[in-house]
Structures are given as structure tokens and as C-alpha cells.
$ cat my_file-v1.txt   # compact mmCIF, C-alpha atoms and all ligand atoms
# COMPACT_ATOMS: atom_id res chain seq x y z
CA MET A 22 82.39 90.63 122.26
CA ILE A 23 84.09 90.39 118.91
CA ASN A 24 87.21 89.16 120.66
CA LYS A 25 85.27 86.53 122.51
CA LYS A 26 83.74 85.22 119.29
CA PHE A 27 87.12 85.11 117.62
CA LYS A 28 88.55 83.07 120.48
CA LEU A 29 85.69 80.63 120.27
CA SER A 30 86.14 80.10 116.54
CA THR A 31 89.88 79.61 117.03
CA GLN A 32 89.21 76.91 119.59
CA ALA A 33 86.77 75.28 117.20
CA ALA A 34 89.40 75.29 114.47
CA VAL A 35 91.94 73.70 116.79
CA ALA A 36 89.39 71.07 117.78
CA VAL A 37 88.76 70.26 114.12
CA ALA A 38 92.50 70.12 113.49
CA LEU A 39 92.95 67.65 116.32
CA LEU A 40 90.02 65.57 115.15
CA VAL A 41 91.24 65.22 111.58
CA GLY A 42 94.81 64.77 112.70
CA VAL A 43 96.46 67.75 111.05
CA SER A 44 98.43 70.49 112.73
CA GLN A 45 96.84 73.88 113.26
CA SER A 46 99.53 75.57 111.19
CA ALA A 47 98.42 73.60 108.15
CA PHE A 48 95.53 76.03 107.94
CA SER A 49 97.71 79.05 107.68
CA HIS A 50 100.83 78.33 105.65
CA THR A 51 101.03 80.20 102.37
CA ARG A 52 99.20 77.99 99.90
CA LEU A 53 97.06 78.27 96.78
CA ASP A 54 93.37 79.01 97.06
CA ILE A 55 92.67 76.24 94.51
CA PRO A 56 95.43 73.62 94.88
CA THR A 57 94.00 71.00 92.49
CA VAL A 58 92.22 71.23 89.12
CA VAL A 59 91.41 68.91 86.25
CA GLU A 60 93.44 69.41 83.06
CA GLY A 61 91.99 71.68 80.41
CA VAL A 62 90.36 74.05 82.89
CA ARG A 63 91.41 77.68 83.37
CA VAL A 64 90.96 79.03 86.87
CA THR A 65 91.23 82.30 88.72
CA ASN A 66 93.47 81.35 91.61
CA ASN A 67 95.17 83.08 94.54
CA VAL A 68 98.32 82.76 96.53
CA VAL A 69 96.86 82.87 100.04
CA ILE A 70 99.19 84.36 102.64
CA GLY A 71 97.81 82.80 105.81
CA HIS A 72 99.84 84.67 108.39
CA SER A 73 102.56 87.23 108.87
CA CYS A 74 106.01 86.54 110.35
CA GLY A 75 104.70 86.56 113.90
CA GLU A 76 102.93 88.75 116.44
CA GLY A 77 103.48 92.44 115.68
CA LYS A 78 105.04 91.72 112.27
CA ASN A 79 103.63 92.94 108.95
CA THR A 80 104.11 91.14 105.65
CA ILE A 81 105.32 94.01 103.45
CA ALA A 82 106.12 92.10 100.26
CA SER A 83 105.82 88.69 98.68
CA THR A 84 107.58 86.97 95.80
CA VAL A 85 106.35 83.98 93.82
CA VAL A 86 108.14 81.69 91.34
CA PHE A 87 106.70 79.05 89.02
CA PRO A 88 109.05 76.42 87.54
CA ASP A 89 110.13 77.63 84.09
CA GLY A 90 110.16 74.17 82.52
CA ALA A 91 113.61 74.83 81.06
CA ASP A 92 115.95 73.45 83.73
CA SER A 93 113.27 72.37 86.20
CA ILE A 94 113.57 69.26 88.34
CA ILE A 95 111.19 66.51 87.20
CA LYS A 96 110.11 63.70 89.51
CA VAL A 97 108.06 60.67 88.54
CA ASN A 98 106.39 58.84 91.42
CA GLY A 99 108.71 60.78 93.72
CA ALA A 100 111.94 59.72 91.98
CA PRO A 101 114.12 62.18 90.03
CA SER A 102 113.81 61.73 86.27
CA ASN A 103 115.79 62.89 83.25
CA ASP A 104 112.57 63.47 81.30
CA THR A 105 111.63 67.02 80.38
CA ILE A 106 108.21 68.41 81.25
CA ASP A 107 107.20 68.18 77.56
CA THR A 108 107.02 64.41 78.03
CA TYR A 109 104.07 64.90 80.37
CA VAL A 110 102.51 68.30 79.57
CA SER A 111 101.53 69.36 76.04
CA ASN A 112 101.58 73.12 76.67
CA TYR A 113 103.87 73.91 79.60
CA GLY A 114 105.11 77.52 79.75
CA ASN A 115 103.54 80.94 80.34
CA LEU A 116 100.53 79.35 82.03
CA PHE A 117 100.35 81.76 84.96
CA GLN A 118 99.52 85.48 84.77
CA LYS A 119 99.20 87.94 87.65
CA ILE A 120 95.77 89.54 87.95
CA LEU A 121 96.32 93.22 88.68
CA ASP A 122 95.23 94.05 92.23
CA HIS A 123 96.27 97.00 94.34
CA SER A 124 93.95 96.32 97.25
CA VAL A 125 96.75 95.56 99.71
CA TYR A 126 100.03 96.09 97.86
CA GLU A 127 100.43 99.20 95.72
CA SER A 128 103.22 97.82 93.58
CA GLU A 129 103.44 94.56 91.69
CA ASP A 130 104.99 93.11 88.58
CA GLU A 131 105.32 89.86 86.71
CA LYS A 132 108.70 88.20 86.29
CA LYS A 133 109.56 87.03 82.80
CA ASP A 134 112.18 84.76 81.34
CA ALA A 135 114.29 85.53 78.28
CA ASN A 136 111.42 84.44 76.02
CA GLY A 137 108.93 86.77 77.71
CA ASN A 138 107.13 83.92 79.48
CA VAL A 139 105.83 84.76 82.95
CA VAL A 140 107.73 82.73 85.57
CA GLY A 141 106.46 84.47 88.69
CA PHE A 142 105.40 87.75 90.22
CA TRP A 143 106.00 89.99 93.21
CA VAL A 144 104.05 92.50 95.29
CA LYS A 145 105.29 95.23 97.63
CA ASP A 146 104.41 98.63 99.12
CA GLY A 147 101.68 97.46 101.45
CA LYS A 148 101.31 95.63 104.71
CA MET A 149 99.44 92.66 106.08
CA PRO A 150 99.38 92.62 109.88
CA GLU A 151 99.50 89.34 111.78
CA GLY A 152 95.99 87.94 112.14
CA TYR A 153 94.99 88.81 108.56
CA THR A 154 94.92 86.79 105.37
CA VAL A 155 95.82 88.22 101.97
CA TYR A 156 94.92 86.86 98.53
CA LEU A 157 97.28 87.51 95.62
CA PRO A 158 95.19 86.78 92.52
CA PHE A 159 96.55 85.16 89.39
CA ARG A 160 95.14 83.32 86.41
CA ALA A 161 96.14 79.72 85.81
CA SER A 162 95.57 78.88 82.16
CA ALA A 163 94.37 75.45 81.13
CA MET A 164 97.13 72.87 81.26
CA PHE A 165 96.92 69.76 79.09
CA ILE A 166 98.49 66.44 79.99
CA GLU A 167 100.34 64.83 77.09
CA PRO A 168 97.98 62.10 75.80
CA THR A 169 100.84 59.72 74.95
CA SER A 170 102.23 59.90 78.49
CA CYS A 171 101.22 57.82 81.50
CA ALA A 172 100.87 60.90 83.75
CA ARG A 173 97.75 60.79 85.89
CA SER A 174 98.69 64.03 87.65
CA VAL A 175 101.21 66.83 87.33
CA LYS A 176 102.12 68.78 90.45
CA VAL A 177 103.63 72.22 89.95
CA VAL A 178 105.78 73.18 92.96
CA LEU A 179 106.10 76.91 93.65
CA GLY A 180 108.74 78.97 95.39
CA ILE A 181 107.33 81.74 97.59
CA ALA A 182 108.74 84.09 100.22
CA ASP A 183 106.61 86.40 102.37
CA ILE A 184 108.78 89.25 103.56
CA CYS A 185 108.33 91.22 106.79
CA LYS A 186 111.68 93.04 106.72
CA VAL A 187 114.04 93.63 103.82
CA THR A 188 117.42 92.10 104.64
CA PRO A 189 120.32 90.46 102.83
CA ILE A 190 120.16 86.67 102.46
CA SER A 191 122.47 86.45 105.49
CA GLY A 192 119.70 88.04 107.57
CA PHE A 193 117.04 85.40 106.85
CA VAL A 194 115.60 84.31 110.21
CA ASP A 195 112.11 83.58 111.53
CA GLY A 196 110.34 86.86 112.21
CA VAL A 197 111.99 88.50 109.18
CA LEU A 198 110.43 86.39 106.46
CA GLU A 199 108.57 83.17 105.76
CA THR A 200 110.07 80.93 103.07
CA TRP A 201 107.79 78.49 101.27
CA THR A 202 110.26 77.03 98.83
CA PRO A 203 111.29 73.53 97.85
CA ALA A 204 114.69 72.69 99.38
CA VAL A 205 116.72 72.33 96.19
CA GLY A 206 119.92 74.01 97.34
CA SER A 207 119.04 77.57 96.33
CA ASN A 208 119.80 80.68 98.38
CA TYR A 209 116.13 80.65 99.37
CA ASP A 210 115.85 77.19 100.98
CA GLY A 211 115.41 78.81 104.39
CA VAL A 212 117.26 76.06 106.25
CA GLY A 213 116.09 76.00 109.86
CA LEU A 214 113.17 78.37 109.25
CA GLY A 215 109.55 77.55 110.02
CA GLY A 216 108.55 77.01 106.40
CA TYR A 217 111.55 74.89 105.42
CA ASN A 218 110.84 72.62 102.44
CA SER A 219 107.09 73.24 102.70
CA PRO A 220 106.17 74.78 99.34
CA ALA A 221 102.76 75.60 97.93
CA THR A 222 101.73 73.33 95.07
CA TYR A 223 99.29 73.29 92.16
CA THR A 224 98.20 69.85 90.96
CA VAL A 225 96.58 69.19 87.58
CA THR A 226 94.86 65.83 87.28
CA ARG A 227 94.22 63.88 84.10
CA ASP A 228 90.78 64.05 82.52
CA ALA A 229 89.89 60.36 82.54
CA THR A 230 87.01 60.87 80.10
CA ASN A 231 88.59 63.02 77.40
CA ASN A 232 92.20 61.91 77.84
CA PRO A 233 92.11 58.36 79.20
CA LEU A 234 95.29 56.57 80.21
CA ASP A 235 96.50 53.87 77.84
CA ALA A 236 95.82 50.44 79.36
CA ALA A 237 99.56 49.79 79.27
CA CYS A 238 100.01 52.63 81.81
CA GLY A 239 98.26 50.69 84.58
CA ASP A 240 97.40 53.18 87.32
CA GLY A 241 99.57 55.84 85.71
CA VAL A 242 102.29 57.98 87.30
CA ASP A 243 102.36 61.14 89.42
CA VAL A 244 104.70 63.78 88.01
CA GLU A 245 106.18 66.79 89.81
CA ILE A 246 107.86 69.84 88.31
CA ILE A 247 110.04 71.78 90.73
CA PRO A 248 112.02 74.97 90.09
CA SER A 249 115.78 74.44 89.95
CA ALA A 250 118.15 76.12 92.40
CA ALA A 251 119.49 78.20 89.50
CA GLN A 252 116.01 79.42 88.64
CA LEU A 253 115.14 80.28 92.25
CA ASN A 254 118.41 82.19 92.63
CA ARG A 255 117.56 84.12 89.45
CA ASP A 256 113.81 84.60 89.90
CA MET A 257 113.11 84.93 93.64
CA PRO A 258 114.57 88.45 93.99
CA ILE A 259 112.22 91.43 93.69
CA LYS A 260 113.48 93.85 91.06
CA SER A 261 111.84 96.93 89.61
CA SER A 262 111.24 97.10 85.86
CA LYS A 263 114.36 99.30 85.72
CA GLY A 264 116.37 96.46 87.25
CA LYS A 265 116.90 97.92 90.73
CA GLN A 266 116.80 95.14 93.34
CA TYR A 267 114.50 95.72 96.32
CA TRP A 268 114.85 92.30 97.96
CA PRO A 269 117.01 90.71 99.18
CA LYS A 270 119.25 93.61 100.05
CA HIS A 271 122.65 93.23 98.47
CU CU A 301 101.99 78.75 108.49
$ encode --input "my_file-v1.txt" --output "C-alpha cells" --more "lines below"
Ligand SMILES: [Cu+2]
Amino acid sequence: MINKKFKLSTQAAVAVALLVGVSQSAFSHTRLDIPTVVEGVRVTNNVVIGHSCGEGKNTIASTVVFPDGADSIIKVNGAPSNDTIDTYVSNYGNLFQKILDHSVYESEDEKKDANGNVVGFWVKDGKMPEGYTVYLPFRASAMFIEPTSCARSVKVVLGIADICKVTPISGFVDGVLETWTPAVGSNYDGVGLGGYNSPATYTVTRDATNNPLDAACGDGVDVEIIPSAAQLNRDMPIKSSKGKQYWPKH
């Protein structure tokens, strides 16, 4: 009976997907619970792992990276820019903190840069079977868009990998892990994998009332901040506080 109900709801979801013209998988990729907020608002958010690495596979660990703002790639209206994030965000840096949660994964830790700013987090020592969804909670502090800029939105692009089997980088194939990273030439691009260049994002929109665009800005610009390949190579690995690397195997 339970099975029958589940099948019905799956069919309904597919029907909705077809009706609105999106693929079914769009419902299940690893994404943020709250993908868009207005500037100046702090939210409790979650990385939502929508599926495992396939039938019979368990997600045993996950690793998350936020752009550090130091050597990050900046795009303005989709075009690469030499501006730094400070041009568009008044308080970028250390905006994201893991919320401690051992409900699925027993071990977790934040990743910090040389200044002690949190630039990501990881979880391990647990398992999420295929067919389940897991929420990895974190706090997103209020971001403020630089009043003098013409930014109408700032999209933060994340790097995430959901791991079903610990392997070296050379062993990355579908069924072993799911990569949700921007393709920037890092070791974690996941070329040819199902999640290639399909990262989760967090978009902060300008508060038109309290921080209106200057008339000279016209409609304003959409800004993106993307972690660099160097940062992903440094921050995607899962390391214990003592420095021992758990993933990828090396
Ligand atoms: Cu998916």
C-alpha cells in the first residue's frame, strides 16, 4: 500500500515536471533549501542532498565549499570581470556557519581559511540510502549589497560533492560520487559526470526600498561569485582537524 502511494506521487511529480517544462532530475539535484533571499536577512538554510549515487548506493559523506572572496571568479551580467567582490558586497567573508547536526552524519567540521573565516564544511560517518533526502543545516548571515554599486543581485556559486565511495580523484565516476561544482578547471569539475557544471547557488537580491539603485544604474547588474580552481583544489578535500585526509584518497 505504501509502495503504491509512493508510485502514484512519483507519477504526479513527473506529470508536473512535464507540464512546467523542467526535467525530473531538477527536483533532486543537490541544491539549497532556500536558494534566494533579500539582502540584510539572516536565514537558517540547508544543503539538500536530493539523491544518492544511484540504486543501492549510500551517500556516506559530503563536502561543501563557499567562494572565499580572495581569488574568486567574479562575473557581471555573465561576463568575467576584474572587479573584486568588495565592489558589490559590503561584508563578504565568513557569512556561512555550519549548524551542528549529528542526525545522519556523526562527524562534521567547518573548513577555515588562513584568517579563520569559514569557507565550507564537510560531513561523514553516516549514510543516506538512495530514495532519501538529507538536509545539512547551516546559517547564512545577512549579506549587504554595496550601496554605491549597481548590483541588483549577487549569486554565490557553491562547490559540493556527495560521496558514495572514497576513491582517489582518478576514480571519480558516476555511482561513486556526485559532483555539483562549477566547471572552473579544478580537480573536482567532474567532467563527463551527471552533475557536471551544475552547482548549487545562493542568490541575494537588492533591497529596493532600503538600498535603491542609483538612477544611473538603469536596471542594474547581476553579479556572480564563483570559487576559483585553486580554492576548490584546496578546500574540497575532507580533512580531520589533525590534518589527516579522508577524501579523496591520495
Ligand atoms: Cu540530481
$ residues_near_ligand --input "my_file-v1.txt" --ligand "ligand CU 301 (chain A)" --cutoff "12 Å" --atoms "only C-alpha atoms and all ligand atoms" --output "PyMOL selection string"
chain A and resi 44-52+69-75+151-152+154+182-183+195+198-201+214-217+219-221
$ residues_around --input "my_file-v1.txt" --residues "Tyr156 of chain A" --least-positions-apart "4" --cutoff "12 Å" --atoms "all atoms listed in the file" --output "JSON, numbers by chain"
{"A": [51, 52, 53, 54, 55, 65, 66, 67, 68, 69, 70, 71, 72, 83, 119, 120, 121, 122, 123, 124, 125, 126, 144, 149]}
$ closest_residue --input "my_file-v1.txt" --among "A:Pro168, A:Glu76, A:Lys186, A:Tyr209" --to "Ala251 of chain A" --atoms "all atoms listed in the file"
A:Tyr209
$ closest_residue --input "my_file-v1.txt" --among "A:Ile95, A:Val212, A:Ile259, A:Val139" --to "Arg160 of chain A" --atoms "only C-alpha atoms"
A:Val139
$ closest_atom_pairs --input "my_file-v1.txt" --of "segment 142-194 of chain A" --to "segment 131-138 of chain A" --cutoff "12 Å" --atoms "only C-alpha atoms" --output "Markdown table"
| residue | atom | partner | partner_atom | distance |
| --- | --- | --- | --- | --- |
| A:Phe142 | CA | A:Glu131 | CA | 4.1 |
| A:Trp143 | CA | A:Glu131 | CA | 6.5 |
| A:Val144 | CA | A:Glu131 | CA | 9.1 |
| A:Phe159 | CA | A:Glu131 | CA | 10.3 |
$ axis_aligned_box --input "my_file-v1.txt" --around "segment 139-143 of chain A" --padding-each-side "6 Å" --output "lines of an AutoDock Vina configuration file"
center_x = 106.6
center_y = 86.4
center_z = 88.1
size_x = 14.3
size_y = 19.3
size_z = 22.3
$ residues_around --input "my_file-v1.txt" --residues "Pro248 of chain A" --least-positions-apart "2" --cutoff "7 Å" --atoms "only C-alpha atoms" --output "PDB file with C-alpha atoms, keeping the file's coordinate frame"
ATOM      1  CA  PHE A  87     106.700  79.050  89.020  1.00  0.00           C
ATOM      2  CA  PRO A  88     109.050  76.420  87.540  1.00  0.00           C
ATOM      3  CA  ASP A  89     110.130  77.630  84.090  1.00  0.00           C
ATOM      4  CA  SER A  93     113.270  72.370  86.200  1.00  0.00           C
ATOM      5  CA  ILE A  94     113.570  69.260  88.340  1.00  0.00           C
ATOM      6  CA  ILE A 246     107.860  69.840  88.310  1.00  0.00           C
ATOM      7  CA  ALA A 250     118.150  76.120  92.400  1.00  0.00           C
ATOM      8  CA  GLN A 252     116.010  79.420  88.640  1.00  0.00           C
ATOM      9  CA  LEU A 253     115.140  80.280  92.250  1.00  0.00           C
TER      10      LEU A 253
END
$ atom_distance --input "my_file-v1.txt" --atom1 "atom CA of Val59 of chain A" --atom2 "atom CA of Met164 of chain A"
8.6 Å
$ closest_residue --input "my_file-v1.txt" --among "A:Lys270, A:Lys78, A:Lys96, A:Arg63" --to "Ser191 of chain A" --atoms "all atoms listed in the file"
A:Lys270
$ residues_around --input "my_file-v1.txt" --residues "Val58 of chain A" --least-positions-apart "6" --cutoff "7 Å" --atoms "all atoms listed in the file" --output "list of chain:residue names"
A:Thr224, A:Val225, A:Thr226
$ write_last_selection --input "my_file-v1.txt" --atoms "C-alpha atoms" --output "mmCIF file, in the frame of the given file"
data_model
loop_
_atom_site.group_PDB
_atom_site.id
_atom_site.type_symbol
_atom_site.label_atom_id
_atom_site.label_comp_id
_atom_site.auth_asym_id
_atom_site.auth_seq_id
_atom_site.Cartn_x
_atom_site.Cartn_y
_atom_site.Cartn_z
ATOM 1 C CA THR A 224 98.200 69.850 90.960
ATOM 2 C CA VAL A 225 96.580 69.190 87.580
ATOM 3 C CA THR A 226 94.860 65.830 87.280
#
$ closest_residue --input "my_file-v1.txt" --among "A:Ala161, A:Ile81, A:Thr230, A:Pro269" --to "Gly192 of chain A" --atoms "all atoms listed in the file"
A:Pro269
$ atom_distance --input "my_file-v1.txt" --atom1 "atom CA of Gly141 of chain A" --atom2 "atom CA of Thr169 of chain A"
28.9 Å
$ atom_distance --input "my_file-v1.txt" --atom1 "atom CA of Asp130 of chain A" --atom2 "atom CA of Ile181 of chain A"
14.7 Å
